[in-house]
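Chemist: Structure provided below as structure tokens; questions to follow.
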Amino acid sequence: MYDIIHIITGLEDGGAEAMLYRLVIKDSGKKRLIVSLMGAGKYGPLLIDAGVDVVCLEMPQGKLTLRGISILWGLLRNGRSAVVQTWMYHADFIGGVLARLAGVKRIIWGVHNTTLDRKTSRFSTRLIAKANAFLSSWVPDVIVCCAERARLVHNELGYVSSRMTVIPNGYDLDKFFPDSRGRDRLRGEWGVGPAEPVLGMVARFDPAKDHSNLLGALGELRKAGVDFTAVLIGRGMDEDNAQLVDCLNRQGLQGAVILLGARSDIPAVMSALDFHVLSSKAEAFPNVLAEAMACCTPCITTDVGDAAVIVGDTGWVVASQNSKELASSMKIAIELRANDSSQWAAMRQRARDRISSNFSIGAVFKKYELIWRAGF
């Protein structure tokens, strides 16, 4: 018998997936089963290596299969878990409904999105979200939103407000910390000295991340004669991305931007940056901001999701889709670093202190545990 069955849409590299992984690793005292509606992705092998049972239903993205539904039904009926936690819309829908029909005592939905418009969300996703709103009075006992903005958006969509609560993402401060050796190693690889300002953005190539906004801002900095090196990290952020390379060339950023693609040494990357920039036009609770701040790297971010809640007074928050405003804040940050070392050092420490005080994985785990415990 499993103490908790977690059902998630997939296990690729994303915010909800990362949060599930961190929670499950923290929750080592319980018997857990992870069910992915799709494949193993990035986190499946990591969970298996940690001794966690993982089942992948291999259903196509956005689609259900009779075989997958049948396997999931059997797991819920035979797993005899008192608690089922689902993650993201499709898992909330099919996992939640089957868990309710299977007689599971305690069902918790997970909402990890703050935008449901035609530009950033698939039609099937919007449809499932609306169906979940209709079912929210029957299926879940609790609906956990990762951000206050997510709660507001889904309340407006029709989710039952009395069942909604906000638990932010949590972070392992033993993994994300200022790494001076990693900083020196990477900056050496990138060919930049200790005095040269290095900014970066860790994000896959995706319309919601709005890399064109970032590159437009970098172009503004270049035109203003500001010296910098920018490092872009994430899936699709490499020389094989013709659309990205074309945008770099049009902004005149040759030689100023380093494309690194996907990497596994993100804590070292964050430590090597002087500040992290997030140019997104849609987010829920952007993990990269907290990860950077935990490494004592101040952030400049667009005002999306709960980004402003994460950053607080430790960085800069600007309007989304406004390259000039983004460039202005980057220029201010570069000048502050160059001209006031004591204030810059204080800002770096405040960034980590804010994550330690508000978003550590230990504090967040306790909030989830209180919700799960009612089912045991």
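Just so we're on the same page: first chain in the structure tokens is A, next is B, and so on; residues restart at 1 for each chain, and ligands are numbered from 1 in the order they show up.
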So which residues of segment 193-226 of chain A fall under strand (DSSP E) by DSSP, listed as a PyMOL selection string?
Modeler: chain A and resi 198-202
Chemist: For the residues selected in the previous step, produce a file with all heavy atoms as an mmCIF file, in the first residue's frame.
Modeler:
data_model
loop_
_atom_site.group_PDB
_atom_site.id
_atom_site.type_symbol
_atom_site.label_atom_id
_atom_site.label_comp_id
_atom_site.auth_asym_id
_atom_site.auth_seq_id
_atom_site.Cartn_x
_atom_site.Cartn_y
_atom_site.Cartn_z
ATOM 1 N N VAL A 198 28.290 40.021 -16.196
ATOM 2 C CA VAL A 198 27.696 38.882 -16.909
ATOM 3 C C VAL A 198 26.252 38.729 -16.450
ATOM 4 O O VAL A 198 25.989 38.550 -15.262
ATOM 5 C CB VAL A 198 28.464 37.573 -16.637
ATOM 6 C CG1 VAL A 198 27.798 36.415 -17.384
ATOM 7 C CG2 VAL A 198 29.920 37.709 -17.060
ATOM 8 N N LEU A 199 25.344 38.813 -17.398
ATOM 9 C CA LEU A 199 23.936 38.564 -17.106
ATOM 10 C C LEU A 199 23.523 37.300 -17.842
ATOM 11 O O LEU A 199 24.188 36.867 -18.778
ATOM 12 C CB LEU A 199 23.075 39.749 -17.532
ATOM 13 C CG LEU A 199 23.085 40.128 -19.013
ATOM 14 C CD1 LEU A 199 21.940 39.449 -19.757
ATOM 15 C CD2 LEU A 199 23.007 41.635 -19.174
ATOM 16 N N GLY A 200 22.437 36.709 -17.416
ATOM 17 C CA GLY A 200 22.004 35.474 -18.070
ATOM 18 C C GLY A 200 20.544 35.202 -17.840
ATOM 19 O O GLY A 200 19.901 35.817 -16.987
ATOM 20 N N MET A 201 20.043 34.269 -18.640
ATOM 21 C CA MET A 201 18.663 33.823 -18.467
ATOM 22 C C MET A 201 18.624 32.318 -18.686
ATOM 23 O O MET A 201 19.089 31.811 -19.705
ATOM 24 C CB MET A 201 17.735 34.524 -19.453
ATOM 25 C CG MET A 201 16.280 34.050 -19.378
ATOM 26 S SD MET A 201 15.175 35.221 -20.190
ATOM 27 C CE MET A 201 13.786 34.167 -20.631
ATOM 28 N N VAL A 202 18.099 31.620 -17.703
ATOM 29 C CA VAL A 202 17.920 30.173 -17.775
ATOM 30 C C VAL A 202 16.458 29.905 -18.100
ATOM 31 O O VAL A 202 15.583 30.105 -17.248
ATOM 32 C CB VAL A 202 18.322 29.494 -16.452
ATOM 33 C CG1 VAL A 202 18.090 27.989 -16.539
ATOM 34 C CG2 VAL A 202 19.781 29.797 -16.109
#
Chemist: Extract, using only C-alpha atoms, all DNA, RNA and protein residues at most 8 Å from segment 16-24 of chain A, discarding same-chain residues fewer than 5 positions from it, and format them as a PyMOL selection string.
Modeler: chain A and resi 8+10-11+32+43+47+87-88+112+169-172+361+365
Chemist: Write to file, as a CSV table (one decimal), in the first residue's frame, the residues of the selection just made, with C-alpha atoms.
Modeler:
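Generated file (part-v8.csv):
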chain,number,residue,atom,x,y,z
A,8,ILE,CA,1.5,14.2,-13.0
A,10,GLY,CA,4.7,14.4,-17.5
A,11,LEU,CA,8.2,14.4,-16.0
A,32,ARG,CA,5.3,6.8,-2.7
A,43,TYR,CA,12.9,13.4,-13.5
A,47,LEU,CA,13.3,9.5,-8.9
A,87,TRP,CA,-0.1,17.9,-10.7
A,88,MET,CA,-1.3,20.0,-13.7
A,112,HIS,CA,0.7,25.5,-11.7
A,169,ASN,CA,7.5,26.3,-4.6
A,170,GLY,CA,10.3,25.4,-2.3
A,171,TYR,CA,14.0,25.1,-2.9
A,172,ASP,CA,16.9,23.1,-1.6
A,361,ILE,CA,11.9,23.3,0.7
A,365,PHE,CA,7.1,20.6,2.7
Chemist: Tell me which protein, DNA and RNA residues are within 8 Å of segment 134-137 of chain A, counting only C-alpha atoms, leaving out same-chain ones fewer than 4 positions away, and put them as an MDAnalysis selection string.
Modeler: chainID A and resid 130 158:160
Chemist: Please, which residues of segment 45-221 of chain A, numbered as in this document, come out alpha helix (DSSP H) from DSSP, as a PyMOL selection string?
Modeler: chain A and resi 45-49+66-79+89-90+96-101+123-135+148-157+180-190+211-221
Chemist: Between A:Leu259, A:Ala195, A:Ile94, A:Ala82, which is the closest to Asn339 of chain A once you count only C-alpha atoms?
Modeler: A:Ala195
Chemist: Kindly assemble as a Markdown table a list of the segment 197-234 of chain A residues that lie within 10 Å of segment 245-256 of chain A, each paired with its nearest atom pair and their distance in Å to one decimal, using only C-alpha atoms, sorted first by chain and then by ascending residue number.
Modeler:
| residue | atom | partner | partner_atom | distance |
| --- | --- | --- | --- | --- |
| A:Val198 | CA | A:Ala256 | CA | 9.9 |
| A:His211 | CA | A:Cys247 | CA | 9.3 |
| A:Ser212 | CA | A:Cys247 | CA | 7.3 |
| A:Leu215 | CA | A:Leu248 | CA | 6.8 |
| A:Gly216 | CA | A:Gln251 | CA | 6.7 |
| A:Ala217 | CA | A:Gln251 | CA | 9.2 |
| A:Leu218 | CA | A:Leu253 | CA | 7.6 |
| A:Gly219 | CA | A:Gln251 | CA | 5.1 |
| A:Glu220 | CA | A:Gln251 | CA | 8.4 |
| A:Leu221 | CA | A:Leu253 | CA | 9.9 |
| A:Arg222 | CA | A:Leu253 | CA | 7.4 |
| A:Lys223 | CA | A:Gly252 | CA | 8.8 |
| A:Asp227 | CA | A:Ala256 | CA | 8.5 |
| A:Phe228 | CA | A:Ala256 | CA | 6.8 |
| A:Thr229 | CA | A:Ala256 | CA | 5.1 |
| A:Ala230 | CA | A:Ala256 | CA | 6.2 |
| A:Val231 | CA | A:Ala256 | CA | 8.6 |
Chemist: Which residues come within 8 Å of Arg163 of chain A, counting only C-alpha atoms, excluding same-chain residues fewer than 3 positions away, as a list in words?
Modeler: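 Those residues are Pro140, Asp141, Val142, Ile143 and Val160 of chain A.
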Chemist: Need to verify the contact set: Gly39 of chain A, 9 Å, only C-alpha atoms, exclusion of same-chain residues closer than 5 positions in sequence. Can you return it as a VMD selection string?
Modeler: chain A and resid 9 to 12 44 55 to 60
Chemist: Go ahead and write the selection's residues with all heavy atoms as a PDB file, in the first residue's frame.
Modeler:
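What ended up in result34.pdb:
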ATOM      1  N   THR A   9       1.197  15.058 -15.257  1.00  0.00           N
ATOM      2  CA  THR A   9       1.037  14.964 -16.706  1.00  0.00           C
ATOM      3  C   THR A   9       2.290  14.412 -17.360  1.00  0.00           C
ATOM      4  O   THR A   9       2.224  13.590 -18.268  1.00  0.00           O
ATOM      5  CB  THR A   9       0.686  16.343 -17.287  1.00  0.00           C
ATOM      6  OG1 THR A   9      -0.515  16.816 -16.649  1.00  0.00           O
ATOM      7  CG2 THR A   9       0.456  16.270 -18.786  1.00  0.00           C
ATOM      8  N   GLY A  10       3.462  14.879 -16.952  1.00  0.00           N
ATOM      9  CA  GLY A  10       4.725  14.382 -17.499  1.00  0.00           C
ATOM     10  C   GLY A  10       5.849  14.689 -16.539  1.00  0.00           C
ATOM     11  O   GLY A  10       5.658  15.365 -15.525  1.00  0.00           O
ATOM     12  N   LEU A  11       7.044  14.203 -16.860  1.00  0.00           N
ATOM     13  CA  LEU A  11       8.191  14.385 -15.966  1.00  0.00           C
ATOM     14  C   LEU A  11       9.359  15.067 -16.675  1.00  0.00           C
ATOM     15  O   LEU A  11      10.526  14.842 -16.360  1.00  0.00           O
ATOM     16  CB  LEU A  11       8.633  13.038 -15.395  1.00  0.00           C
ATOM     17  CG  LEU A  11       7.683  12.433 -14.344  1.00  0.00           C
ATOM     18  CD1 LEU A  11       8.044  10.986 -14.046  1.00  0.00           C
ATOM     19  CD2 LEU A  11       7.700  13.255 -13.057  1.00  0.00           C
ATOM     20  N   GLU A  12       9.022  15.918 -17.639  1.00  0.00           N
ATOM     21  CA  GLU A  12      10.055  16.689 -18.326  1.00  0.00           C
ATOM     22  C   GLU A  12      10.572  17.806 -17.415  1.00  0.00           C
ATOM     23  O   GLU A  12      10.191  17.916 -16.257  1.00  0.00           O
ATOM     24  CB  GLU A  12       9.490  17.272 -19.629  1.00  0.00           C
ATOM     25  CG  GLU A  12       9.132  16.226 -20.675  1.00  0.00           C
ATOM     26  CD  GLU A  12      10.337  15.466 -21.210  1.00  0.00           C
ATOM     27  OE1 GLU A  12      11.476  15.909 -20.983  1.00  0.00           O
ATOM     28  OE2 GLU A  12      10.139  14.420 -21.857  1.00  0.00           O
ATOM     29  N   GLY A  44      12.011  11.172 -14.194  1.00  0.00           N
ATOM     30  CA  GLY A  44      11.729   9.764 -13.953  1.00  0.00           C
ATOM     31  C   GLY A  44      12.957   8.984 -13.507  1.00  0.00           C
ATOM     32  O   GLY A  44      12.949   8.338 -12.445  1.00  0.00           O
ATOM     33  N   VAL A  55       5.757   4.875 -12.525  1.00  0.00           N
ATOM     34  CA  VAL A  55       5.052   4.206 -13.617  1.00  0.00           C
ATOM     35  C   VAL A  55       4.749   5.243 -14.694  1.00  0.00           C
ATOM     36  O   VAL A  55       4.189   6.304 -14.383  1.00  0.00           O
ATOM     37  CB  VAL A  55       3.738   3.549 -13.140  1.00  0.00           C
ATOM     38  CG1 VAL A  55       2.945   3.003 -14.333  1.00  0.00           C
ATOM     39  CG2 VAL A  55       4.036   2.432 -12.142  1.00  0.00           C
ATOM     40  N   CYS A  56       5.114   4.958 -15.933  1.00  0.00           N
ATOM     41  CA  CYS A  56       4.854   5.869 -17.052  1.00  0.00           C
ATOM     42  C   CYS A  56       3.794   5.254 -17.963  1.00  0.00           C
ATOM     43  O   CYS A  56       3.963   4.126 -18.439  1.00  0.00           O
ATOM     44  CB  CYS A  56       6.132   6.132 -17.830  1.00  0.00           C
ATOM     45  SG  CYS A  56       7.421   6.934 -16.856  1.00  0.00           S
ATOM     46  N   LEU A  57       2.711   5.969 -18.196  1.00  0.00           N
ATOM     47  CA  LEU A  57       1.591   5.448 -18.986  1.00  0.00           C
ATOM     48  C   LEU A  57       1.790   5.647 -20.480  1.00  0.00           C
ATOM     49  O   LEU A  57       1.050   5.070 -21.275  1.00  0.00           O
ATOM     50  CB  LEU A  57       0.290   6.110 -18.531  1.00  0.00           C
ATOM     51  CG  LEU A  57      -0.051   5.943 -17.038  1.00  0.00           C
ATOM     52  CD1 LEU A  57      -1.392   6.605 -16.723  1.00  0.00           C
ATOM     53  CD2 LEU A  57      -0.069   4.469 -16.642  1.00  0.00           C
ATOM     54  N   GLU A  58       2.764   6.492 -20.855  1.00  0.00           N
ATOM     55  CA  GLU A  58       3.143   6.702 -22.263  1.00  0.00           C
ATOM     56  C   GLU A  58       1.972   7.142 -23.139  1.00  0.00           C
ATOM     57  O   GLU A  58       1.862   6.757 -24.304  1.00  0.00           O
ATOM     58  CB  GLU A  58       3.781   5.424 -22.848  1.00  0.00           C
ATOM     59  CG  GLU A  58       4.992   4.910 -22.093  1.00  0.00           C
ATOM     60  CD  GLU A  58       6.194   5.857 -22.152  1.00  0.00           C
ATOM     61  OE1 GLU A  58       6.164   6.800 -22.963  1.00  0.00           O
ATOM     62  OE2 GLU A  58       7.138   5.647 -21.370  1.00  0.00           O
ATOM     63  N   MET A  59       1.091   7.969 -22.593  1.00  0.00           N
ATOM     64  CA  MET A  59       0.012   8.526 -23.398  1.00  0.00           C
ATOM     65  C   MET A  59       0.542   9.723 -24.185  1.00  0.00           C
ATOM     66  O   MET A  59       1.397  10.467 -23.705  1.00  0.00           O
ATOM     67  CB  MET A  59      -1.161   8.940 -22.508  1.00  0.00           C
ATOM     68  CG  MET A  59      -1.889   7.757 -21.886  1.00  0.00           C
ATOM     69  SD  MET A  59      -3.529   8.163 -21.210  1.00  0.00           S
ATOM     70  CE  MET A  59      -3.103   8.621 -19.534  1.00  0.00           C
ATOM     71  N   PRO A  60       0.067   9.927 -25.428  1.00  0.00           N
ATOM     72  CA  PRO A  60       0.529  11.071 -26.216  1.00  0.00           C
ATOM     73  C   PRO A  60       0.157  12.384 -25.533  1.00  0.00           C
ATOM     74  O   PRO A  60      -0.823  12.454 -24.784  1.00  0.00           O
ATOM     75  CB  PRO A  60      -0.230  10.913 -27.552  1.00  0.00           C
ATOM     76  CG  PRO A  60      -0.673   9.496 -27.586  1.00  0.00           C
ATOM     77  CD  PRO A  60      -0.908   9.102 -26.161  1.00  0.00           C
TER      78      PRO A  60
END
Chemist: Hey, what's within 6 Å of Arg348 of chain A if we count only C-alpha atoms and toss same-chain stuff fewer than 2 positions away? As a PyMOL selection string, please?
Modeler: chain A and resi 296-298+345-346+350-351
Chemist: For the residues in that selection, give me N, CA, C and O atoms as a PDB file, in the first residue's frame.
Modeler:
ATOM      1  N   CYS A 296      22.801  33.892  -4.351  1.00  0.00           N
ATOM      2  CA  CYS A 296      23.216  35.284  -4.141  1.00  0.00           C
ATOM      3  C   CYS A 296      23.311  36.066  -5.446  1.00  0.00           C
ATOM      4  O   CYS A 296      24.154  36.974  -5.571  1.00  0.00           O
ATOM      5  N   THR A 297      22.460  35.732  -6.407  1.00  0.00           N
ATOM      6  CA  THR A 297      22.443  36.441  -7.681  1.00  0.00           C
ATOM      7  C   THR A 297      21.161  37.259  -7.776  1.00  0.00           C
ATOM      8  O   THR A 297      20.072  36.694  -7.901  1.00  0.00           O
ATOM      9  N   PRO A 298      21.249  38.589  -7.709  1.00  0.00           N
ATOM     10  CA  PRO A 298      20.052  39.432  -7.828  1.00  0.00           C
ATOM     11  C   PRO A 298      19.379  39.245  -9.184  1.00  0.00           C
ATOM     12  O   PRO A 298      20.017  38.843 -10.164  1.00  0.00           O
ATOM     13  N   ALA A 345      27.019  43.987  -2.649  1.00  0.00           N
ATOM     14  CA  ALA A 345      27.202  42.823  -1.787  1.00  0.00           C
ATOM     15  C   ALA A 345      26.003  42.640  -0.852  1.00  0.00           C
ATOM     16  O   ALA A 345      25.555  41.513  -0.598  1.00  0.00           O
ATOM     17  N   ALA A 346      25.469  43.746  -0.340  1.00  0.00           N
ATOM     18  CA  ALA A 346      24.305  43.673   0.539  1.00  0.00           C
ATOM     19  C   ALA A 346      23.082  43.163  -0.216  1.00  0.00           C
ATOM     20  O   ALA A 346      22.298  42.368   0.321  1.00  0.00           O
ATOM     21  N   ARG A 350      20.866  39.814   0.601  1.00  0.00           N
ATOM     22  CA  ARG A 350      19.423  39.924   0.831  1.00  0.00           C
ATOM     23  C   ARG A 350      18.649  38.970  -0.073  1.00  0.00           C
ATOM     24  O   ARG A 350      17.602  38.441   0.331  1.00  0.00           O
ATOM     25  N   ALA A 351      19.147  38.761  -1.273  1.00  0.00           N
ATOM     26  CA  ALA A 351      18.471  37.855  -2.200  1.00  0.00           C
ATOM     27  C   ALA A 351      18.417  36.443  -1.620  1.00  0.00           C
ATOM     28  O   ALA A 351      17.359  35.807  -1.589  1.00  0.00           O
TER      29      ALA A 351
END
Chemist: Just want the 8 Å neighbourhood of Thr302 of chain A, counted on only C-alpha atoms, with same-chain residues fewer than 2 positions away dropped. Output as a PyMOL selection string.
Modeler: chain A and resi 278-281+300+304+307+317-321+326
Chemist: Closest to Gly15 of chain A among A:Leu76, A:Ile71, A:Ala333, A:Val288, using only C-alpha atoms?
Modeler: A:Val288
Chemist: For the atom pair atom CA of Leu127 of chain A and atom CA of Val54 of chain A, what is the interatomic distance in Å to one decimal place?
Modeler: 28.0 Å
